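Text of input.tsv (TSV, C-alpha atoms and all ligand atoms) as supplied:
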chain	number	residue	atom	x	y	z
A	1	MET	CA	133.42	78.73	23.88
A	2	ILE	CA	131.45	76.60	21.39
A	3	ASP	CA	128.54	74.43	22.52
A	4	LEU	CA	128.20	71.59	20.03
A	5	TYR	CA	124.84	69.83	19.85
A	6	TYR	CA	125.97	66.53	18.55
A	7	TRP	CA	125.31	62.90	17.91
A	8	THR	CA	127.66	60.30	16.52
A	9	THR	CA	126.66	60.42	12.85
A	10	PRO	CA	128.54	61.59	9.72
A	11	ASN	CA	127.09	65.10	9.95
A	12	GLY	CA	128.10	65.26	13.60
A	13	HIS	CA	131.66	64.02	12.89
A	14	LYS	CA	132.23	66.85	10.41
A	15	ILE	CA	132.13	69.37	13.23
A	16	THR	CA	134.18	67.44	15.78
A	17	ILE	CA	136.81	66.99	13.06
A	18	PHE	CA	136.92	70.75	12.48
A	19	LEU	CA	137.04	71.54	16.21
A	20	GLU	CA	139.76	68.97	16.84
A	21	GLU	CA	141.78	70.25	13.88
A	22	THR	CA	141.71	73.85	15.08
A	23	GLY	CA	141.73	73.29	18.83
A	24	LEU	CA	138.83	75.71	19.32
A	25	PRO	CA	137.48	74.94	22.80
A	26	TYR	CA	134.12	73.20	22.75
A	27	THR	CA	131.64	71.46	24.97
A	28	ILE	CA	129.57	68.60	23.63
A	29	LYS	CA	125.86	68.64	24.34
A	30	PRO	CA	124.78	65.15	23.32
A	31	VAL	CA	121.44	64.94	21.48
A	32	ASN	CA	120.54	61.26	21.24
A	33	ILE	CA	118.48	61.25	18.05
A	34	GLY	CA	117.58	57.58	18.54
A	35	LYS	CA	115.78	58.56	21.73
A	36	GLY	CA	114.00	61.61	20.29
A	37	GLU	CA	116.08	64.24	22.10
A	38	GLN	CA	116.13	66.32	18.88
A	39	PHE	CA	112.51	67.28	19.56
A	40	ALA	CA	113.24	68.99	22.90
A	41	PRO	CA	111.88	72.57	22.69
A	42	GLU	CA	115.24	74.02	23.80
A	43	PHE	CA	117.01	72.22	20.94
A	44	LEU	CA	114.37	73.24	18.39
A	45	LYS	CA	115.08	76.88	19.23
A	46	ILE	CA	118.58	76.51	17.79
A	47	SER	CA	117.85	73.76	15.27
A	48	PRO	CA	114.34	74.25	13.85
A	49	ASN	CA	114.82	71.32	11.47
A	50	ASN	CA	115.17	68.98	14.50
A	51	ARG	CA	118.50	67.67	13.28
A	52	ILE	CA	122.04	67.60	14.57
A	53	PRO	CA	124.57	69.14	14.39
A	54	ALA	CA	124.01	72.64	15.70
A	55	ILE	CA	126.27	75.00	17.60
A	56	ILE	CA	126.11	78.02	19.84
A	57	ASP	CA	129.12	80.31	19.69
A	58	ASN	CA	129.22	82.03	23.06
A	59	GLU	CA	132.02	84.36	22.00
A	60	PRO	CA	131.20	85.57	18.49
A	61	ALA	CA	133.61	87.88	16.67
A	62	ASP	CA	131.32	90.90	17.10
A	63	GLU	CA	131.32	90.38	20.89
A	64	GLY	CA	127.52	90.47	20.85
A	65	GLU	CA	124.94	87.91	21.96
A	66	PRO	CA	125.72	84.22	21.38
A	67	VAL	CA	125.19	83.06	17.77
A	68	SER	CA	123.41	79.77	17.06
A	69	ILE	CA	123.73	77.86	13.80
A	70	PHE	CA	122.23	74.69	12.34
A	71	GLU	CA	123.16	72.81	9.10
A	72	SER	CA	126.62	71.29	9.09
A	73	GLY	CA	127.77	73.17	5.96
A	74	ALA	CA	126.81	76.53	7.45
A	75	ILE	CA	128.50	75.56	10.72
A	76	LEU	CA	131.72	74.59	8.94
A	77	GLU	CA	131.75	77.84	6.99
A	78	TYR	CA	131.07	79.88	10.13
A	79	LEU	CA	133.78	78.15	12.15
A	80	ALA	CA	136.27	78.41	9.27
A	81	MET	CA	135.65	82.14	9.03
A	82	LYS	CA	135.83	82.54	12.79
A	83	SER	CA	139.16	80.77	13.04
A	84	ASP	CA	140.52	81.81	9.64
A	85	ALA	CA	141.35	78.19	8.87
A	86	TYR	CA	140.51	75.53	6.29
A	87	LEU	CA	138.81	78.05	3.97
A	88	PRO	CA	140.97	80.23	1.74
A	89	SER	CA	140.36	83.97	1.84
A	90	ASP	CA	141.04	84.61	-1.86
A	91	VAL	CA	137.99	84.61	-4.10
A	92	ARG	CA	139.01	81.68	-6.31
A	93	GLY	CA	140.21	79.38	-3.54
A	94	ARG	CA	137.19	80.13	-1.43
A	95	THR	CA	134.75	79.56	-4.29
A	96	GLU	CA	136.33	76.23	-5.07
A	97	VAL	CA	135.98	75.04	-1.48
A	98	MET	CA	132.41	76.31	-1.22
A	99	GLN	CA	131.36	74.53	-4.44
A	100	TRP	CA	132.56	71.21	-3.09
A	101	LEU	CA	131.07	71.89	0.30
A	102	PHE	CA	127.69	72.52	-1.36
A	103	TRP	CA	128.19	69.43	-3.51
A	104	GLN	CA	128.60	67.40	-0.36
A	105	MET	CA	125.61	69.03	1.32
A	106	GLY	CA	123.29	68.72	-1.67
A	107	GLY	CA	124.47	65.43	-3.15
A	108	LEU	CA	126.91	63.20	-1.34
A	109	GLY	CA	125.24	63.50	2.08
A	110	PRO	CA	121.57	63.16	1.08
A	111	MET	CA	122.12	60.40	-1.50
A	112	LEU	CA	124.34	58.31	0.76
A	113	GLY	CA	121.82	58.88	3.55
A	114	GLN	CA	119.12	57.33	1.34
A	115	ASN	CA	121.54	54.52	0.50
A	116	HIS	CA	121.88	53.76	4.24
A	117	HIS	CA	118.14	53.95	4.66
A	118	PHE	CA	117.21	51.47	1.94
A	119	ARG	CA	120.20	49.12	2.26
A	120	SER	CA	120.47	48.91	6.05
A	121	TYR	CA	117.79	50.58	8.09
A	122	ILE	CA	114.53	49.13	6.88
A	123	ASN	CA	113.53	45.50	7.14
A	124	GLU	CA	111.73	45.53	3.79
A	125	LYS	CA	114.03	45.15	0.75
A	126	ILE	CA	112.88	47.51	-2.02
A	127	THR	CA	115.03	46.55	-5.00
A	128	TYR	CA	114.37	49.69	-7.05
A	129	ALA	CA	115.32	52.01	-4.18
A	130	ILE	CA	118.42	49.99	-3.26
A	131	GLU	CA	119.62	50.01	-6.86
A	132	ARG	CA	118.85	53.68	-7.37
A	133	TYR	CA	120.80	54.88	-4.32
A	134	THR	CA	123.63	52.38	-4.71
A	135	LYS	CA	124.12	53.53	-8.31
A	136	GLU	CA	123.96	57.17	-7.29
A	137	THR	CA	126.53	56.48	-4.55
A	138	GLU	CA	128.76	54.83	-7.14
A	139	ARG	CA	128.34	57.84	-9.45
A	140	LEU	CA	129.22	60.31	-6.68
A	141	TYR	CA	132.22	58.23	-5.58
A	142	GLY	CA	133.33	58.33	-9.23
A	143	VAL	CA	133.03	62.13	-9.32
A	144	LEU	CA	135.17	62.43	-6.21
A	145	ASP	CA	137.67	59.89	-7.48
A	146	GLU	CA	138.11	61.82	-10.74
A	147	ARG	CA	138.44	65.07	-8.85
A	148	LEU	CA	141.19	63.59	-6.70
A	149	ALA	CA	143.12	62.09	-9.63
A	150	ASP	CA	145.44	65.09	-9.94
A	151	ARG	CA	145.27	66.73	-6.50
A	152	ALA	CA	145.81	65.78	-2.88
A	153	PHE	CA	142.59	67.24	-1.50
A	154	VAL	CA	139.13	68.08	-2.80
A	155	ALA	CA	139.73	71.82	-3.28
A	156	GLY	CA	143.21	73.26	-2.79
A	157	ASP	CA	144.74	72.49	0.61
A	158	TYR	CA	142.97	70.31	3.17
A	159	SER	CA	139.75	72.22	3.86
A	160	ILE	CA	136.21	72.13	5.17
A	161	ALA	CA	135.23	70.44	1.88
A	162	ASP	CA	137.36	67.42	2.83
A	163	MET	CA	135.99	67.45	6.38
A	164	ALA	CA	132.44	67.41	5.00
A	165	CYS	CA	133.03	64.50	2.61
A	166	TYR	CA	135.22	62.24	4.72
A	167	PRO	CA	132.71	60.98	7.35
A	168	TRP	CA	130.40	59.78	4.57
A	169	ILE	CA	133.14	57.78	2.89
A	170	VAL	CA	133.99	56.10	6.22
A	171	LEU	CA	130.77	54.10	5.77
A	172	HIS	CA	131.67	52.80	2.28
A	173	GLU	CA	131.10	49.13	3.14
A	174	ARG	CA	127.60	49.84	4.38
A	175	GLN	CA	126.95	51.68	1.10
A	176	GLY	CA	127.98	48.65	-0.98
A	177	MET	CA	131.14	50.36	-2.27
A	178	ILE	CA	134.61	48.82	-2.60
A	179	LEU	CA	137.08	51.58	-1.95
A	180	SER	CA	139.85	50.03	-4.05
A	181	ASP	CA	137.58	50.53	-7.10
A	182	PHE	CA	138.23	54.27	-6.57
A	183	PRO	CA	142.03	54.45	-6.13
A	184	HIS	CA	142.38	58.24	-5.84
A	185	LEU	CA	139.54	58.40	-3.34
A	186	LYS	CA	141.11	55.54	-1.38
A	187	ARG	CA	144.46	57.35	-1.20
A	188	TRP	CA	142.73	60.56	-0.01
A	189	PHE	CA	140.65	58.59	2.50
A	190	GLU	CA	143.70	56.92	4.03
A	191	VAL	CA	145.55	60.24	4.36
A	192	ILE	CA	142.64	61.86	6.21
A	193	GLN	CA	141.95	58.79	8.33
A	194	LYS	CA	145.48	59.03	9.78
A	195	ARG	CA	145.22	62.67	10.78
A	196	PRO	CA	145.50	62.86	14.59
A	197	ALA	CA	142.56	65.30	14.80
A	198	VAL	CA	140.36	62.91	12.82
A	199	GLU	CA	141.35	60.05	15.11
A	200	ARG	CA	140.48	62.24	18.11
A	201	ALA	CA	137.10	63.16	16.62
A	202	TYR	CA	136.16	59.49	16.24
A	203	ALA	CA	137.46	58.79	19.77
A	204	VAL	CA	135.08	61.48	21.03
A	205	ALA	CA	132.24	59.67	19.24
A	206	ARG	CA	133.12	56.36	20.91
A	207	GLN	CA	133.15	58.09	24.28
A	208	ILE	CA	129.74	59.71	23.77
A	209	ASN	CA	128.05	56.66	22.26
A	210	PRO	CA	130.03	53.55	23.24
A	211	ASP	CA	127.22	51.13	22.25
A	212	ALA	CA	126.81	52.44	18.69
A	213	ARG	CA	125.79	49.38	16.72
A	214	GLY	CA	122.81	48.88	14.46
A	215	MET	CA	119.75	51.04	14.81
A	216	THR	CA	117.18	49.86	17.38
A	217	GLU	CA	113.52	49.39	16.46
A	218	GLU	CA	112.71	52.20	18.92
A	219	ALA	CA	115.09	54.54	17.07
A	220	LYS	CA	113.61	53.61	13.69
A	221	LYS	CA	110.12	54.53	14.93
A	222	ILE	CA	111.40	57.91	16.08
A	223	LEU	CA	113.51	58.71	13.02
A	224	PHE	CA	111.44	57.45	10.11
A	225	GLY	CA	108.07	58.69	8.89
A	226	GLN	CA	108.12	61.78	11.10
A	227	GLY	CA	105.71	63.95	9.09
A	228	ARG	CA	104.79	67.42	10.29
A	229	ARG	CA	105.73	68.15	13.90
A	230	LYS	CA	102.84	68.65	16.30
A	231	ALA	CA	102.81	72.15	17.76
B	301	LIG	N1	121.61	68.84	6.16
B	301	LIG	C1	121.71	68.59	7.57
B	301	LIG	C2	121.38	67.13	7.83
B	301	LIG	C3	121.42	66.84	9.30
B	301	LIG	C4	120.89	65.45	9.60
B	301	LIG	O1	120.29	64.79	8.76
B	301	LIG	N2	121.09	65.03	10.84
B	301	LIG	C5	120.58	63.73	11.26
B	301	LIG	C6	121.73	62.89	11.80
B	301	LIG	S1	123.02	62.71	10.58
B	301	LIG	C7	119.58	63.95	12.38
B	301	LIG	O2	119.80	64.76	13.25
B	301	LIG	N3	118.46	63.24	12.36
B	301	LIG	C8	117.45	63.38	13.36
B	301	LIG	C9	116.06	63.22	12.80
B	301	LIG	O3	115.92	62.84	11.61
B	301	LIG	O4	115.12	63.42	13.54
B	301	LIG	C10	123.15	68.89	8.02
B	301	LIG	O5	124.08	68.60	7.25
B	301	LIG	O6	123.32	69.41	9.13
Step by step, read the file and then write its structure as structure tokens.
Amino acid sequence: MIDLYYWTTPNGHKITIFLEETGLPYTIKPVNIGKGEQFAPEFLKISPNNRIPAIIDNEPADEGEPVSIFESGAILEYLAMKSDAYLPSDVRGRTEVMQWLFWQMGGLGPMLGQNHHFRSYINEKITYAIERYTKETERLYGVLDERLADRAFVAGDYSIADMACYPWIVLHERQGMILSDFPHLKRWFEVIQKRPAVERAYAVARQINPDARGMTEEAKKILFGQGRRKA
């Protein structure tokens, strides 16, 4: 029912986690971003920002034409509404989840992405950039740790806000973080890590991209310094 345009990155894992949690049937359409498959004209029609993940829902609720969506936060919200799961329907519960989902989309994801870039992906070591994004990662981890001090999950019950944050915390070592410095976050992380659906989502990733190791020089050339796309 759902076509998932996917690669094995944190933003991709968010959606496989949701789909595995709910059991919504889906077909993976791999988009190998290290090989430049995100620039295929057919993919750009559904994901104009040339980034994964994106989905096509072939059986939308209104029974009309298929619906396509890009941006992982928008996809999570759409799928949660479609399946009436992992997003409360009451105004307060829903607002709480959406705030933390936006926090992940606007802060945790982009800042940790820059952390990966400057700490691991480039050969040049730019001290200012490494320090800036490592500190910002530490700050954001602290925010999440405080949030989790008196609750089990980020916003109410386990929700799309947790699914959005978790794949970024998986890479804590690469980000220069020591999880035990954030005890509430560590407890939350270990609970989510053990969920069978989360294990299945990461098993899917290993199946799709069994050689995932460091980034190749070819991939770096494709991914970094893109500039404006040629028409
Ligand atoms: N805000 C977007 C970010 C998506 C994103 O950055 N995707 C990366 C992989 S995690 C990508 O597709 N990169 C391909 C490229 O930069 O060309 C979302 O959450 O969906």
* Near stretch 152-169 of chain A, counting all atoms listed in the file, which residues have an atom at most 8 Å away, once you skip same-chain residues fewer than 4 positions from it, shown as JSON, numbers by chain? -> {"A": [10, 11, 13, 14, 17, 18, 73, 76, 77, 80, 85, 86, 87, 93, 96, 97, 98, 100, 101, 104, 105, 108, 109, 112, 144, 147, 148, 188, 189, 192]}
Restricting the output to C-alpha atoms, write the selected residues as a PDB file, in the coordinates of the input.
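What ended up in result_6.pdb:
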ATOM      1  CA  PRO A  10     128.540  61.590   9.720  1.00  0.00           C
ATOM      2  CA  ASN A  11     127.090  65.100   9.950  1.00  0.00           C
ATOM      3  CA  HIS A  13     131.660  64.020  12.890  1.00  0.00           C
ATOM      4  CA  LYS A  14     132.230  66.850  10.410  1.00  0.00           C
ATOM      5  CA  ILE A  17     136.810  66.990  13.060  1.00  0.00           C
ATOM      6  CA  PHE A  18     136.920  70.750  12.480  1.00  0.00           C
ATOM      7  CA  GLY A  73     127.770  73.170   5.960  1.00  0.00           C
ATOM      8  CA  LEU A  76     131.720  74.590   8.940  1.00  0.00           C
ATOM      9  CA  GLU A  77     131.750  77.840   6.990  1.00  0.00           C
ATOM     10  CA  ALA A  80     136.270  78.410   9.270  1.00  0.00           C
ATOM     11  CA  ALA A  85     141.350  78.190   8.870  1.00  0.00           C
ATOM     12  CA  TYR A  86     140.510  75.530   6.290  1.00  0.00           C
ATOM     13  CA  LEU A  87     138.810  78.050   3.970  1.00  0.00           C
ATOM     14  CA  GLY A  93     140.210  79.380  -3.540  1.00  0.00           C
ATOM     15  CA  GLU A  96     136.330  76.230  -5.070  1.00  0.00           C
ATOM     16  CA  VAL A  97     135.980  75.040  -1.480  1.00  0.00           C
ATOM     17  CA  MET A  98     132.410  76.310  -1.220  1.00  0.00           C
ATOM     18  CA  TRP A 100     132.560  71.210  -3.090  1.00  0.00           C
ATOM     19  CA  LEU A 101     131.070  71.890   0.300  1.00  0.00           C
ATOM     20  CA  GLN A 104     128.600  67.400  -0.360  1.00  0.00           C
ATOM     21  CA  MET A 105     125.610  69.030   1.320  1.00  0.00           C
ATOM     22  CA  LEU A 108     126.910  63.200  -1.340  1.00  0.00           C
ATOM     23  CA  GLY A 109     125.240  63.500   2.080  1.00  0.00           C
ATOM     24  CA  LEU A 112     124.340  58.310   0.760  1.00  0.00           C
ATOM     25  CA  LEU A 144     135.170  62.430  -6.210  1.00  0.00           C
ATOM     26  CA  ARG A 147     138.440  65.070  -8.850  1.00  0.00           C
ATOM     27  CA  LEU A 148     141.190  63.590  -6.700  1.00  0.00           C
ATOM     28  CA  TRP A 188     142.730  60.560  -0.010  1.00  0.00           C
ATOM     29  CA  PHE A 189     140.650  58.590   2.500  1.00  0.00           C
ATOM     30  CA  ILE A 192     142.640  61.860   6.210  1.00  0.00           C
TER      31      ILE A 192
END
Residues of chain A within 9 Å of ligand LIG 301 (chain B): nearest atom pair and distance (Å, one decimal) for each, counting all atoms listed in the file, sorted by chain and number, as a Markdown table?
| residue | atom | partner | partner_atom | distance |
| --- | --- | --- | --- | --- |
| A:Tyr6 | CA | B:LIG301 | O2 | 8.3 |
| A:Trp7 | CA | B:LIG301 | C6 | 7.1 |
| A:Thr8 | CA | B:LIG301 | S1 | 7.9 |
| A:Thr9 | CA | B:LIG301 | S1 | 4.9 |
| A:Pro10 | CA | B:LIG301 | S1 | 5.7 |
| A:Asn11 | CA | B:LIG301 | S1 | 4.8 |
| A:Gly12 | CA | B:LIG301 | S1 | 6.4 |
| A:Lys14 | CA | B:LIG301 | O5 | 8.9 |
| A:Val31 | CA | B:LIG301 | O2 | 8.4 |
| A:Asn32 | CA | B:LIG301 | C8 | 8.7 |
| A:Ile33 | CA | B:LIG301 | C8 | 5.3 |
| A:Gly34 | CA | B:LIG301 | C8 | 7.8 |
| A:Gly36 | CA | B:LIG301 | O4 | 7.1 |
| A:Glu37 | CA | B:LIG301 | O4 | 8.7 |
| A:Gln38 | CA | B:LIG301 | O4 | 6.2 |
| A:Phe39 | CA | B:LIG301 | O4 | 7.6 |
| A:Asn49 | CA | B:LIG301 | O4 | 8.2 |
| A:Asn50 | CA | B:LIG301 | O4 | 5.6 |
| A:Arg51 | CA | B:LIG301 | O2 | 3.2 |
| A:Ile52 | CA | B:LIG301 | O2 | 3.9 |
| A:Pro53 | CA | B:LIG301 | O6 | 5.4 |
| A:Ala54 | CA | B:LIG301 | O6 | 7.4 |
| A:Phe70 | CA | B:LIG301 | O6 | 6.3 |
| A:Glu71 | CA | B:LIG301 | O6 | 3.4 |
| A:Ser72 | CA | B:LIG301 | O6 | 3.8 |
| A:Gly73 | CA | B:LIG301 | O5 | 6.0 |
| A:Ala74 | CA | B:LIG301 | O6 | 8.1 |
| A:Ile75 | CA | B:LIG301 | O6 | 8.2 |
| A:Gln104 | CA | B:LIG301 | O5 | 8.9 |
| A:Met105 | CA | B:LIG301 | O5 | 6.1 |
| A:Gly106 | CA | B:LIG301 | N1 | 8.0 |
| A:Gly109 | CA | B:LIG301 | O5 | 7.4 |
| A:Pro110 | CA | B:LIG301 | N1 | 7.6 |
| A:Gly113 | CA | B:LIG301 | O1 | 8.0 |
| A:Ala164 | CA | B:LIG301 | O5 | 8.7 |
| A:Ile222 | CA | B:LIG301 | O4 | 7.1 |
| A:Leu223 | CA | B:LIG301 | O3 | 5.0 |
| A:Phe224 | CA | B:LIG301 | O3 | 7.2 |
| A:Gln226 | CA | B:LIG301 | O4 | 7.6 |
* Counting all atoms listed in the file, the option among A:Pro30, A:Gly176, A:Pro25, A:Gly107 closest to A:Ile130 -> A:Gly176
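You will find atom CA of A:Asp62 at 13.9 Å from atom CA of A:Leu79.
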* Record the distance separating atom CA of A:Ala203 and atom CA of A:Val191, expressed in Å with one decimal. =>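 The value is 17.5 Å.
Residue nearest A:Ala149, chosen from A:His184, A:Thr127, A:Ala212, A:Ile56 and counting all atoms listed in the file: A:His184.
One distance worth recording is that between atom CA of A:Thr22 and atom CA of A:Glu59, which is 15.9 Å.
You can rank A:Leu19, A:Leu4, A:Ile126, A:Met81 by their closest distance to A:Ser68 using only C-alpha atoms, and at the top of that list sits A:Leu4.
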